[in-house]
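J.: If it helps, the file is called coords-v6.pdb and holds PDB, C-alpha atoms:
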MODEL        1
ATOM      1  CA  MET A   1     -24.526  80.380 -56.507
ATOM      2  CA  HIS A   2     -25.429  77.200 -58.409
ATOM      3  CA  SER A   3     -24.316  76.252 -61.889
ATOM      4  CA  SER A   4     -26.776  76.772 -64.685
ATOM      5  CA  LEU A   5     -28.996  73.794 -65.511
ATOM      6  CA  THR A   6     -30.856  72.919 -68.690
ATOM      7  CA  PHE A   7     -34.147  71.100 -68.246
ATOM      8  CA  PHE A   8     -35.566  68.685 -70.789
ATOM      9  CA  SER A   9     -38.204  66.000 -70.912
ATOM     10  CA  ILE A  10     -38.241  62.396 -72.040
ATOM     11  CA  ALA A  11     -41.593  60.611 -72.127
ATOM     12  CA  GLY A  12     -43.080  63.196 -69.809
ATOM     13  CA  GLN A  13     -40.347  62.891 -67.206
ATOM     14  CA  LEU A  14     -38.321  65.979 -66.411
ATOM     15  CA  PHE A  15     -34.528  65.791 -66.369
ATOM     16  CA  ALA A  16     -31.781  68.361 -65.944
ATOM     17  CA  ALA A  17     -28.156  68.603 -66.982
ATOM     18  CA  PRO A  18     -25.411  71.144 -66.378
ATOM     19  CA  THR A  19     -25.593  73.733 -69.157
ATOM     20  CA  ALA A  20     -21.801  73.842 -69.160
ATOM     21  CA  GLN A  21     -21.795  70.320 -70.641
ATOM     22  CA  ILE A  22     -24.025  71.342 -73.565
ATOM     23  CA  HIS A  23     -22.545  72.619 -76.809
ATOM     24  CA  ARG A  24     -25.769  73.436 -78.642
ATOM     25  CA  PHE A  25     -29.230  72.122 -79.520
ATOM     26  CA  LEU A  26     -30.429  70.683 -82.839
ATOM     27  CA  ARG A  27     -33.833  69.707 -84.138
ATOM     28  CA  PHE A  28     -34.297  66.006 -84.917
ATOM     29  CA  SER A  29     -36.662  64.146 -87.203
ATOM     30  CA  SER A  30     -36.521  60.528 -88.353
ATOM     31  CA  SER A  31     -36.315  61.717 -91.969
ATOM     32  CA  SER A  32     -32.935  63.199 -91.162
ATOM     33  CA  LEU A  33     -31.465  59.748 -90.541
ATOM     34  CA  GLU A  34     -28.852  59.186 -93.222
ATOM     35  CA  ALA A  35     -25.464  57.607 -93.393
ATOM     36  CA  GLY A  36     -23.926  60.748 -94.839
ATOM     37  CA  ASP A  37     -22.979  63.469 -92.394
ATOM     38  CA  LYS A  38     -22.442  61.327 -89.338
ATOM     39  CA  LEU A  39     -23.282  62.431 -85.856
ATOM     40  CA  ARG A  40     -23.080  59.884 -83.109
ATOM     41  CA  LEU A  41     -26.481  59.990 -81.506
ATOM     42  CA  PHE A  42     -27.632  58.429 -78.256
ATOM     43  CA  ASP A  43     -31.362  58.042 -77.856
ATOM     44  CA  LEU A  44     -32.255  58.699 -74.227
ATOM     45  CA  ARG A  45     -35.640  57.074 -74.809
ATOM     46  CA  THR A  46     -33.773  53.838 -75.511
ATOM     47  CA  TRP A  47     -31.834  54.382 -72.308
ATOM     48  CA  LEU A  48     -35.165  54.506 -70.478
ATOM     49  CA  GLY A  49     -36.364  51.364 -72.242
ATOM     50  CA  LEU A  50     -38.849  53.219 -74.464
ATOM     51  CA  GLU A  51     -39.569  53.232 -78.189
ATOM     52  CA  ARG A  52     -37.904  55.878 -80.319
ATOM     53  CA  GLU A  53     -40.007  58.897 -81.268
ATOM     54  CA  GLU A  54     -40.230  60.332 -84.752
ATOM     55  CA  SER A  55     -39.060  63.756 -83.672
ATOM     56  CA  GLY A  56     -37.314  65.467 -80.832
ATOM     57  CA  LYS A  57     -34.368  67.609 -79.924
ATOM     58  CA  ILE A  58     -30.697  66.778 -79.983
ATOM     59  CA  ILE A  59     -28.433  67.984 -77.205
ATOM     60  CA  LEU A  60     -24.913  68.243 -78.555
ATOM     61  CA  VAL A  61     -22.108  67.503 -76.127
ATOM     62  CA  GLU A  62     -18.389  67.212 -76.649
ATOM     63  CA  GLN A  63     -16.841  63.830 -75.967
ATOM     64  CA  GLN A  64     -13.116  63.334 -76.559
ATOM     65  CA  ARG A  65     -13.068  66.279 -78.994
ATOM     66  CA  GLN A  66     -15.965  64.817 -80.963
ATOM     67  CA  GLN A  67     -19.524  66.044 -80.909
ATOM     68  CA  VAL A  68     -22.082  63.563 -79.667
ATOM     69  CA  GLY A  69     -25.840  63.984 -79.842
ATOM     70  CA  LEU A  70     -28.230  63.010 -77.073
ATOM     71  CA  LEU A  71     -31.794  62.700 -78.301
ATOM     72  CA  VAL A  72     -34.571  63.950 -75.985
ATOM     73  CA  ASP A  73     -38.229  64.855 -76.518
ATOM     74  CA  THR A  74     -38.288  68.546 -75.628
ATOM     75  CA  ILE A  75     -36.005  71.201 -74.240
ATOM     76  CA  ILE A  76     -38.006  72.801 -71.455
ATOM     77  CA  ASP A  77     -35.936  75.539 -69.950
ATOM     78  CA  LEU A  78     -32.519  76.859 -69.164
ATOM     79  CA  GLU A  79     -32.108  78.257 -65.673
ATOM     80  CA  ILE A  80     -29.173  80.470 -64.886
ATOM     81  CA  GLN A  81     -29.866  80.320 -61.158
ATOM     82  CA  PRO A  82     -31.482  76.904 -60.714
ATOM     83  CA  PRO A  83     -32.438  75.250 -57.437
ATOM     84  CA  PRO A  84     -29.585  73.359 -55.768
ATOM     85  CA  VAL A  85     -28.642  69.879 -56.864
ATOM     86  CA  LEU A  86     -29.239  67.416 -54.043
ATOM     87  CA  ALA A  87     -27.608  64.041 -53.526
ATOM     88  CA  LEU A  88     -29.499  60.900 -54.421
ATOM     89  CA  PRO A  89     -30.773  58.966 -51.392
ATOM     90  CA  PRO A  90     -28.026  56.577 -50.215
ATOM     91  CA  LEU A  91     -30.353  53.611 -50.682
ATOM     92  CA  ILE A  92     -30.769  54.472 -54.364
ATOM     93  CA  THR A  93     -27.014  54.713 -54.801
ATOM     94  CA  ALA A  94     -26.424  51.501 -52.847
ATOM     95  CA  ALA A  95     -28.942  49.699 -55.044
ATOM     96  CA  GLY A  96     -26.775  50.459 -58.037
ATOM     97  CA  CYS A  97     -28.754  53.015 -59.985
ATOM     98  CA  ASP A  98     -27.381  54.327 -63.243
ATOM     99  CA  PRO A  99     -24.093  56.185 -62.581
ATOM    100  CA  ALA A 100     -25.048  58.805 -65.163
ATOM    101  CA  ILE A 101     -27.521  60.174 -62.617
ATOM    102  CA  SER A 102     -25.523  62.638 -60.595
ATOM    103  CA  GLY A 103     -28.214  64.077 -58.345
ATOM    104  CA  VAL A 104     -31.688  65.479 -57.966
ATOM    105  CA  THR A 105     -33.116  68.962 -58.173
ATOM    106  CA  LEU A 106     -36.619  70.124 -57.337
ATOM    107  CA  VAL A 107     -39.014  71.673 -59.843
ATOM    108  CA  ASP A 108     -42.389  72.635 -58.382
ATOM    109  CA  ASP A 109     -41.523  70.325 -55.480
ATOM    110  CA  MET A 110     -41.134  67.356 -57.843
ATOM    111  CA  PRO A 111     -37.704  65.702 -58.072
ATOM    112  CA  ALA A 112     -36.015  65.992 -61.460
ATOM    113  CA  LEU A 113     -32.992  63.776 -62.055
ATOM    114  CA  VAL A 114     -29.773  65.574 -62.926
ATOM    115  CA  LEU A 115     -27.761  63.745 -65.577
ATOM    116  CA  ASP A 116     -24.056  63.760 -66.246
ATOM    117  CA  LEU A 117     -24.170  63.999 -70.031
ATOM    118  CA  GLU A 118     -20.514  63.133 -70.432
ATOM    119  CA  VAL A 119     -21.021  59.817 -68.628
ATOM    120  CA  LEU A 120     -23.999  59.097 -70.869
ATOM    121  CA  ALA A 121     -22.119  60.008 -74.012
ATOM    122  CA  ARG A 122     -19.317  57.568 -73.181
ATOM    123  CA  ARG A 123     -21.758  54.708 -73.678
ATOM    124  CA  LEU A 124     -22.291  55.313 -77.336
ATOM    125  CA  ASP A 125     -20.423  52.194 -78.293
ATOM    126  CA  ARG A 126     -23.382  50.099 -77.260
ATOM    127  CA  GLN A 127     -26.257  52.149 -78.653
ATOM    128  CA  GLU A 128     -25.056  54.073 -81.648
ATOM    129  CA  PHE A 129     -26.779  55.174 -84.798
ATOM    130  CA  PHE A 130     -26.147  57.923 -87.281
ATOM    131  CA  VAL A 131     -28.084  60.980 -88.245
ATOM    132  CA  GLY A 132     -27.575  63.092 -91.346
ATOM    133  CA  ASP A 133     -27.510  66.827 -91.458
ATOM    134  CA  GLY A 134     -31.231  67.205 -92.263
ATOM    135  CA  GLY A 135     -31.937  68.081 -88.676
ATOM    136  CA  ARG A 136     -29.385  70.859 -88.477
TER     137      ARG A 136
ATOM    138  CA  MET B   1     -24.836  39.458 -42.372
ATOM    139  CA  THR B   2     -27.435  41.757 -40.948
ATOM    140  CA  LEU B   3     -27.238  45.244 -42.364
ATOM    141  CA  ASP B   4     -28.409  47.049 -39.278
ATOM    142  CA  SER B   5     -28.521  45.016 -36.094
ATOM    143  CA  SER B   6     -30.233  47.887 -34.255
ATOM    144  CA  LEU B   7     -33.343  47.007 -36.248
ATOM    145  CA  SER B   8     -33.831  43.679 -34.467
ATOM    146  CA  PRO B   9     -37.574  43.401 -33.926
ATOM    147  CA  SER B  10     -37.184  41.186 -30.849
ATOM    148  CA  LEU B  11     -38.193  43.926 -28.410
ATOM    149  CA  VAL B  12     -40.872  45.577 -30.498
ATOM    150  CA  THR B  13     -44.149  46.167 -28.766
ATOM    151  CA  ARG B  14     -45.546  49.146 -30.680
ATOM    152  CA  VAL B  15     -46.219  48.562 -34.357
ATOM    153  CA  LEU B  16     -47.914  50.300 -37.243
ATOM    154  CA  LEU B  17     -50.439  47.968 -38.810
ATOM    155  CA  VAL B  18     -50.466  48.232 -42.595
ATOM    156  CA  ARG B  19     -52.190  46.362 -45.388
ATOM    157  CA  LEU B  20     -50.595  45.059 -48.550
ATOM    158  CA  GLY B  21     -53.154  43.493 -50.852
ATOM    159  CA  ASP B  22     -55.316  41.313 -48.603
ATOM    160  CA  GLU B  23     -52.676  40.749 -45.966
ATOM    161  CA  TRP B  24     -51.812  42.663 -42.815
ATOM    162  CA  PHE B  25     -48.281  43.474 -41.773
ATOM    163  CA  ALA B  26     -46.724  45.170 -38.754
ATOM    164  CA  LEU B  27     -43.958  47.743 -39.008
ATOM    165  CA  PRO B  28     -41.905  48.390 -35.866
ATOM    166  CA  ALA B  29     -43.047  51.871 -34.845
ATOM    167  CA  THR B  30     -39.555  52.751 -33.643
ATOM    168  CA  TYR B  31     -38.554  53.284 -37.229
ATOM    169  CA  VAL B  32     -41.710  54.965 -38.487
ATOM    170  CA  ARG B  33     -41.415  58.707 -38.889
ATOM    171  CA  GLU B  34     -44.483  59.764 -40.811
ATOM    172  CA  VAL B  35     -47.435  58.603 -42.874
ATOM    173  CA  VAL B  36     -48.350  60.649 -45.937
ATOM    174  CA  ARG B  37     -50.733  60.320 -48.836
ATOM    175  CA  TRP B  38     -49.671  58.772 -52.118
ATOM    176  CA  ARG B  39     -47.700  60.956 -54.444
ATOM    177  CA  GLU B  40     -46.165  60.025 -57.770
ATOM    178  CA  PRO B  41     -42.445  59.195 -57.494
ATOM    179  CA  THR B  42     -39.822  60.151 -60.042
ATOM    180  CA  PRO B  43     -38.500  56.899 -61.551
ATOM    181  CA  VAL B  44     -34.738  56.365 -61.412
ATOM    182  CA  PRO B  45     -33.253  54.410 -64.344
ATOM    183  CA  GLY B  46     -31.243  51.371 -63.356
ATOM    184  CA  SER B  47     -32.960  50.903 -60.014
ATOM    185  CA  PRO B  48     -34.224  47.460 -58.976
ATOM    186  CA  PRO B  49     -37.956  46.839 -59.558
ATOM    187  CA  ALA B  50     -38.815  47.206 -55.870
ATOM    188  CA  LEU B  51     -37.559  50.801 -55.943
ATOM    189  CA  LEU B  52     -40.279  52.893 -57.541
ATOM    190  CA  GLY B  53     -38.195  56.062 -57.615
ATOM    191  CA  VAL B  54     -37.574  59.107 -55.492
ATOM    192  CA  LEU B  55     -39.930  61.624 -53.965
ATOM    193  CA  ASN B  56     -39.635  64.916 -52.200
ATOM    194  CA  LEU B  57     -40.919  65.226 -48.692
ATOM    195  CA  ARG B  58     -40.445  68.843 -47.565
ATOM    196  CA  GLY B  59     -37.039  69.064 -49.188
ATOM    197  CA  MET B  60     -35.867  65.595 -48.193
ATOM    198  CA  ILE B  61     -35.369  63.238 -51.113
ATOM    199  CA  LEU B  62     -36.458  59.698 -50.237
ATOM    200  CA  ALA B  63     -36.337  56.392 -52.071
ATOM    201  CA  LEU B  64     -39.773  54.813 -52.449
ATOM    202  CA  ILE B  65     -39.913  51.048 -51.887
ATOM    203  CA  ASP B  66     -42.797  48.919 -53.125
ATOM    204  CA  LEU B  67     -43.159  46.330 -50.378
ATOM    205  CA  ARG B  68     -45.670  44.435 -52.487
ATOM    206  CA  PHE B  69     -42.928  43.506 -54.922
ATOM    207  CA  LEU B  70     -40.714  42.126 -52.146
ATOM    208  CA  LEU B  71     -43.538  40.226 -50.462
ATOM    209  CA  ASN B  72     -45.039  38.808 -53.646
ATOM    210  CA  VAL B  73     -48.307  40.654 -53.096
ATOM    211  CA  GLN B  74     -50.308  41.482 -56.202
ATOM    212  CA  PRO B  75     -49.923  45.243 -56.831
ATOM    213  CA  SER B  76     -52.921  47.432 -57.490
ATOM    214  CA  PRO B  77     -53.159  51.024 -58.721
ATOM    215  CA  PRO B  78     -52.972  53.782 -56.094
ATOM    216  CA  ALA B  79     -56.289  54.248 -54.294
ATOM    217  CA  ARG B  80     -57.674  56.643 -51.691
ATOM    218  CA  SER B  81     -56.306  54.407 -48.957
ATOM    219  CA  THR B  82     -52.785  54.166 -50.410
ATOM    220  CA  ARG B  83     -50.190  55.619 -48.073
ATOM    221  CA  LEU B  84     -46.460  56.159 -47.925
ATOM    222  CA  VAL B  85     -44.833  55.322 -44.610
ATOM    223  CA  THR B  86     -41.499  57.035 -44.092
ATOM    224  CA  VAL B  87     -39.016  55.047 -42.060
ATOM    225  CA  GLU B  88     -35.605  55.833 -40.705
ATOM    226  CA  SER B  89     -32.857  53.461 -39.629
ATOM    227  CA  ALA B  90     -29.290  54.140 -38.630
ATOM    228  CA  GLU B  91     -28.236  53.745 -42.246
ATOM    229  CA  TYR B  92     -31.142  54.608 -44.533
ATOM    230  CA  ASN B  93     -34.259  56.707 -44.779
ATOM    231  CA  ALA B  94     -36.969  55.596 -47.161
ATOM    232  CA  ALA B  95     -40.667  55.655 -47.884
ATOM    233  CA  LEU B  96     -42.636  52.405 -48.047
ATOM    234  CA  LEU B  97     -45.688  52.093 -50.244
ATOM    235  CA  VAL B  98     -48.614  50.361 -48.513
ATOM    236  CA  ASP B  99     -52.225  49.890 -49.542
ATOM    237  CA  GLU B 100     -53.604  51.069 -46.210
ATOM    238  CA  VAL B 101     -52.498  52.176 -42.769
ATOM    239  CA  ARG B 102     -54.832  50.911 -40.057
ATOM    240  CA  ASP B 103     -53.498  51.772 -36.621
ATOM    241  CA  LEU B 104     -50.663  52.048 -34.145
ATOM    242  CA  LEU B 105     -50.901  49.051 -31.855
ATOM    243  CA  ASP B 106     -49.202  48.069 -28.633
ATOM    244  CA  LEU B 107     -48.678  44.340 -28.788
ATOM    245  CA  ASP B 108     -47.257  41.887 -26.307
ATOM    246  CA  SER B 109     -44.020  40.698 -27.839
ATOM    247  CA  ALA B 110     -44.320  37.488 -25.831
ATOM    248  CA  GLU B 111     -47.199  36.544 -28.108
ATOM    249  CA  ARG B 112     -45.035  36.800 -31.156
ATOM    250  CA  GLU B 113     -44.867  33.569 -33.132
ATOM    251  CA  ALA B 114     -42.042  32.383 -35.318
ATOM    252  CA  PRO B 115     -42.707  32.773 -39.026
ATOM    253  CA  PRO B 116     -43.911  29.575 -40.657
ATOM    254  CA  ALA B 117     -41.396  27.578 -42.636
ATOM    255  CA  GLY B 118     -41.104  28.850 -46.165
ATOM    256  CA  SER B 119     -42.417  32.330 -45.387
ATOM    257  CA  SER B 120     -40.781  35.443 -46.749
ATOM    258  CA  ARG B 121     -37.354  36.328 -45.404
ATOM    259  CA  PHE B 122     -38.723  39.814 -44.761
ATOM    260  CA  ILE B 123     -41.059  38.495 -42.079
ATOM    261  CA  ALA B 124     -39.445  38.301 -38.643
ATOM    262  CA  GLY B 125     -42.480  36.781 -36.935
ATOM    263  CA  LEU B 126     -46.247  36.787 -36.636
ATOM    264  CA  LEU B 127     -48.171  39.002 -34.239
ATOM    265  CA  PRO B 128     -51.793  38.404 -33.253
ATOM    266  CA  THR B 129     -54.057  41.385 -33.943
ATOM    267  CA  GLU B 130     -57.783  41.960 -34.031
ATOM    268  CA  LEU B 131     -57.553  41.529 -37.798
ATOM    269  CA  GLY B 132     -55.743  38.206 -37.542
ATOM    270  CA  ARG B 133     -52.054  37.463 -37.598
ATOM    271  CA  ALA B 134     -49.854  40.194 -39.003
ATOM    272  CA  GLY B 135     -46.394  39.571 -40.380
ATOM    273  CA  LEU B 136     -43.771  41.571 -38.518
ATOM    274  CA  LEU B 137     -41.647  43.252 -41.170
ATOM    275  CA  ASP B 138     -37.875  43.081 -40.856
ATOM    276  CA  LEU B 139     -36.733  46.477 -42.071
ATOM    277  CA  ALA B 140     -33.045  45.537 -42.016
ATOM    278  CA  ALA B 141     -33.710  42.572 -44.304
ATOM    279  CA  ILE B 142     -35.722  44.809 -46.623
ATOM    280  CA  PHE B 143     -32.939  47.375 -46.898
ATOM    281  CA  GLU B 144     -30.367  44.646 -47.364
ATOM    282  CA  ALA B 145     -32.364  43.106 -50.190
ATOM    283  CA  ILE B 146     -32.707  46.458 -51.930
ATOM    284  CA  ARG B 147     -29.024  47.149 -51.519
ATOM    285  CA  GLY B 148     -28.019  43.760 -52.854
ATOM    286  CA  SER B 149     -30.423  43.690 -55.776
TER     287      SER B 149
ENDMDL
END
Show me this structure written as structure tokens.
T.:
Amino acid sequence: MHSSLTFFSIAGQLFAAPTAQIHRFLRFSSSSLEAGDKLRLFDLRTWLGLEREESGKIILVEQQRQQVGLLVDTIIDLEIQPPPVLALPPLITAAGCDPAISGVTLVDDMPALVLDLEVLARRLDRQEFFVGDGGR
Amino acid sequence: MTLDSSLSPSLVTRVLLVRLGDEWFALPATYVREVVRWREPTPVPGSPPALLGVLNLRGMILALIDLRFLLNVQPSPPARSTRLVTVESAEYNAALLVDEVRDLLDLDSAEREAPPAGSSRFIAGLLPTELGRAGLLDLAAIFEAIRGS
């Protein structure tokens, strides 16, 4: 039996992450950006080299006993019995792809990258901004 | 250092003739497994530009390499003739994007010419074909470049 996966999209590309790494989901809008109630937020669009969107969903993960938000476009699905997670091709790994990508799973025969959200969240020092509680 | 010495093209006689842009290239057939139609890859963040992403071929996940990037050939959008050539070496499996697959040819390796000075390091030699000279692709050098990029 495979661990549950949560699927989400960023700029039309499908990704997955272990549901066990996810604390909860929040709604996000740019109007909720304040310096008040601080939530460390990592924009996965920025990670992909894309412009930030005005709205989206926040995936809350726990990182060193603190909650960290990962901003995505849409939460697609949560699968209790997802397809297996396959290893990345050795050539991709040898070429030095992002270590936050832990594998691949297939959705309608298309590969969806499986992300290690904890690895991603550890990078907040470089790409951090704050969001108020308007999105909660 | 050569990544995979078993890929030496010195004894190649059978090649797959492929087109990249306006130029013809020869892939040692020993390493060719399949030719399939173009399908959209899934991009992988952090990969070098020559790696377009990964794709699923009947449950096997393959890296897709854009040879045009490595050979300084002007890329063009996928067309009806675009094909993906899957190759397999001792170390890596991958799919290579080409603009067209023409034919499997048996060529006399004695007619192989050395690559001209200043030509791409991914060209192991030139082979005469009915379409003119085709650059013999060095798969080991291609994999090594991807790995070291």
J.: Could you spell out the hits of the ChimeraX specification (/A :<6) & /B on the shown file, as a list in words?
T.: Pro45, Gly46, Ser47, Leu62, Ile146 and Arg147 of chain B
J.: What does the PyMOL selection byres ((chain A and resi 64) around 12) select in this file, as a PyMOL selection string?
T.: chain A and resi 61-63+65-68+118-119+121-122
J.: Limited to C-alpha atoms, could you put the picked residues into a file as a short mmCIF file (atom, residue, chain, number, x, y, z; two decimals), in the coordinates of the input?
T.:
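New file part21.cif:
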data_model
loop_
_atom_site.label_atom_id
_atom_site.label_comp_id
_atom_site.auth_asym_id
_atom_site.auth_seq_id
_atom_site.Cartn_x
_atom_site.Cartn_y
_atom_site.Cartn_z
CA VAL A 61 -22.11 67.50 -76.13
CA GLU A 62 -18.39 67.21 -76.65
CA GLN A 63 -16.84 63.83 -75.97
CA ARG A 65 -13.07 66.28 -78.99
CA GLN A 66 -15.96 64.82 -80.96
CA GLN A 67 -19.52 66.04 -80.91
CA VAL A 68 -22.08 63.56 -79.67
CA GLU A 118 -20.51 63.13 -70.43
CA VAL A 119 -21.02 59.82 -68.63
CA ALA A 121 -22.12 60.01 -74.01
CA ARG A 122 -19.32 57.57 -73.18
#
J.: Around all the atoms of stretch 45-54 of chain B listed in the file, draw an axis-aligned box and extend it by 3 Å on each of the six sides; I want its centre and edge lengths in Å to one decimal, as JSON.
T.:
{"center_x": -35.8, "center_y": 53.0, "center_z": -59.9, "size_x": 15.0, "size_y": 18.3, "size_z": 14.9}
J.: Could you tell me which of B:Glu40, B:Asp22, B:Asp103, B:Glu113 comes closest to B:Val73 if we count only C-alpha atoms?
T.: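 So, comparing all the options, the nearest one is B:Asp22.
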J.: Using the chain letters and numbering of this document, enumerate as a PDB file with C-alpha atoms, keeping the file's coordinate frame the residues selected by the PyMOL selection byres ((chain B and resi 79-92) around 8).
T.:
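Saved file part-v5.pdb follows:
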ATOM      1  CA  PRO A  90     -28.026  56.577 -50.215  1.00  0.00           C
ATOM      2  CA  LEU A  91     -30.353  53.611 -50.682  1.00  0.00           C
TER       3      LEU A  91
ATOM      4  CA  ASP B   4     -28.409  47.049 -39.278  1.00  0.00           C
ATOM      5  CA  SER B   6     -30.233  47.887 -34.255  1.00  0.00           C
ATOM      6  CA  LEU B   7     -33.343  47.007 -36.248  1.00  0.00           C
ATOM      7  CA  TYR B  31     -38.554  53.284 -37.229  1.00  0.00           C
ATOM      8  CA  VAL B  32     -41.710  54.965 -38.487  1.00  0.00           C
ATOM      9  CA  ARG B  33     -41.415  58.707 -38.889  1.00  0.00           C
ATOM     10  CA  GLU B  34     -44.483  59.764 -40.811  1.00  0.00           C
ATOM     11  CA  VAL B  35     -47.435  58.603 -42.874  1.00  0.00           C
ATOM     12  CA  VAL B  36     -48.350  60.649 -45.937  1.00  0.00           C
ATOM     13  CA  ARG B  37     -50.733  60.320 -48.836  1.00  0.00           C
ATOM     14  CA  TRP B  38     -49.671  58.772 -52.118  1.00  0.00           C
ATOM     15  CA  PRO B  77     -53.159  51.024 -58.721  1.00  0.00           C
ATOM     16  CA  PRO B  78     -52.972  53.782 -56.094  1.00  0.00           C
ATOM     17  CA  ASN B  93     -34.259  56.707 -44.779  1.00  0.00           C
ATOM     18  CA  ALA B  94     -36.969  55.596 -47.161  1.00  0.00           C
ATOM     19  CA  ALA B  95     -40.667  55.655 -47.884  1.00  0.00           C
ATOM     20  CA  LEU B  96     -42.636  52.405 -48.047  1.00  0.00           C
ATOM     21  CA  LEU B  97     -45.688  52.093 -50.244  1.00  0.00           C
ATOM     22  CA  VAL B  98     -48.614  50.361 -48.513  1.00  0.00           C
ATOM     23  CA  ASP B  99     -52.225  49.890 -49.542  1.00  0.00           C
ATOM     24  CA  GLU B 100     -53.604  51.069 -46.210  1.00  0.00           C
ATOM     25  CA  VAL B 101     -52.498  52.176 -42.769  1.00  0.00           C
ATOM     26  CA  PHE B 143     -32.939  47.375 -46.898  1.00  0.00           C
TER      27      PHE B 143
END
J.: At what distance in Å, to one decimal, does atom CA of A:Leu71 lie from atom CA of A:Leu41?
T.: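 Result for atom CA of A:Leu41 versus atom CA of A:Leu71: 6.8 Å, one decimal.
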J.: Could you tell me how far atom CA of A:Ile76 lies from atom CA of B:Leu51, in Å and to one decimal?
T.: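 Atom CA of A:Ile76 sits 26.9 Å away from atom CA of B:Leu51.
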J.: Expressed in Å to a single decimal, how great is the separation between atom CA of A:Phe8 and atom CA of B:Leu55?
T.: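 Taking atom CA of A:Phe8 as the start and atom CA of B:Leu55 as the end point, the length is 18.8 Å.
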J.: Using all atoms listed in the file, which of the listed residues (B:Ala29, B:Val18, B:Ile65, B:Ala134) sits closest to B:Pro41?
T.: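 Once distances to B:Pro41 are computed over all atoms listed in the file, the minimum belongs to B:Ile65.
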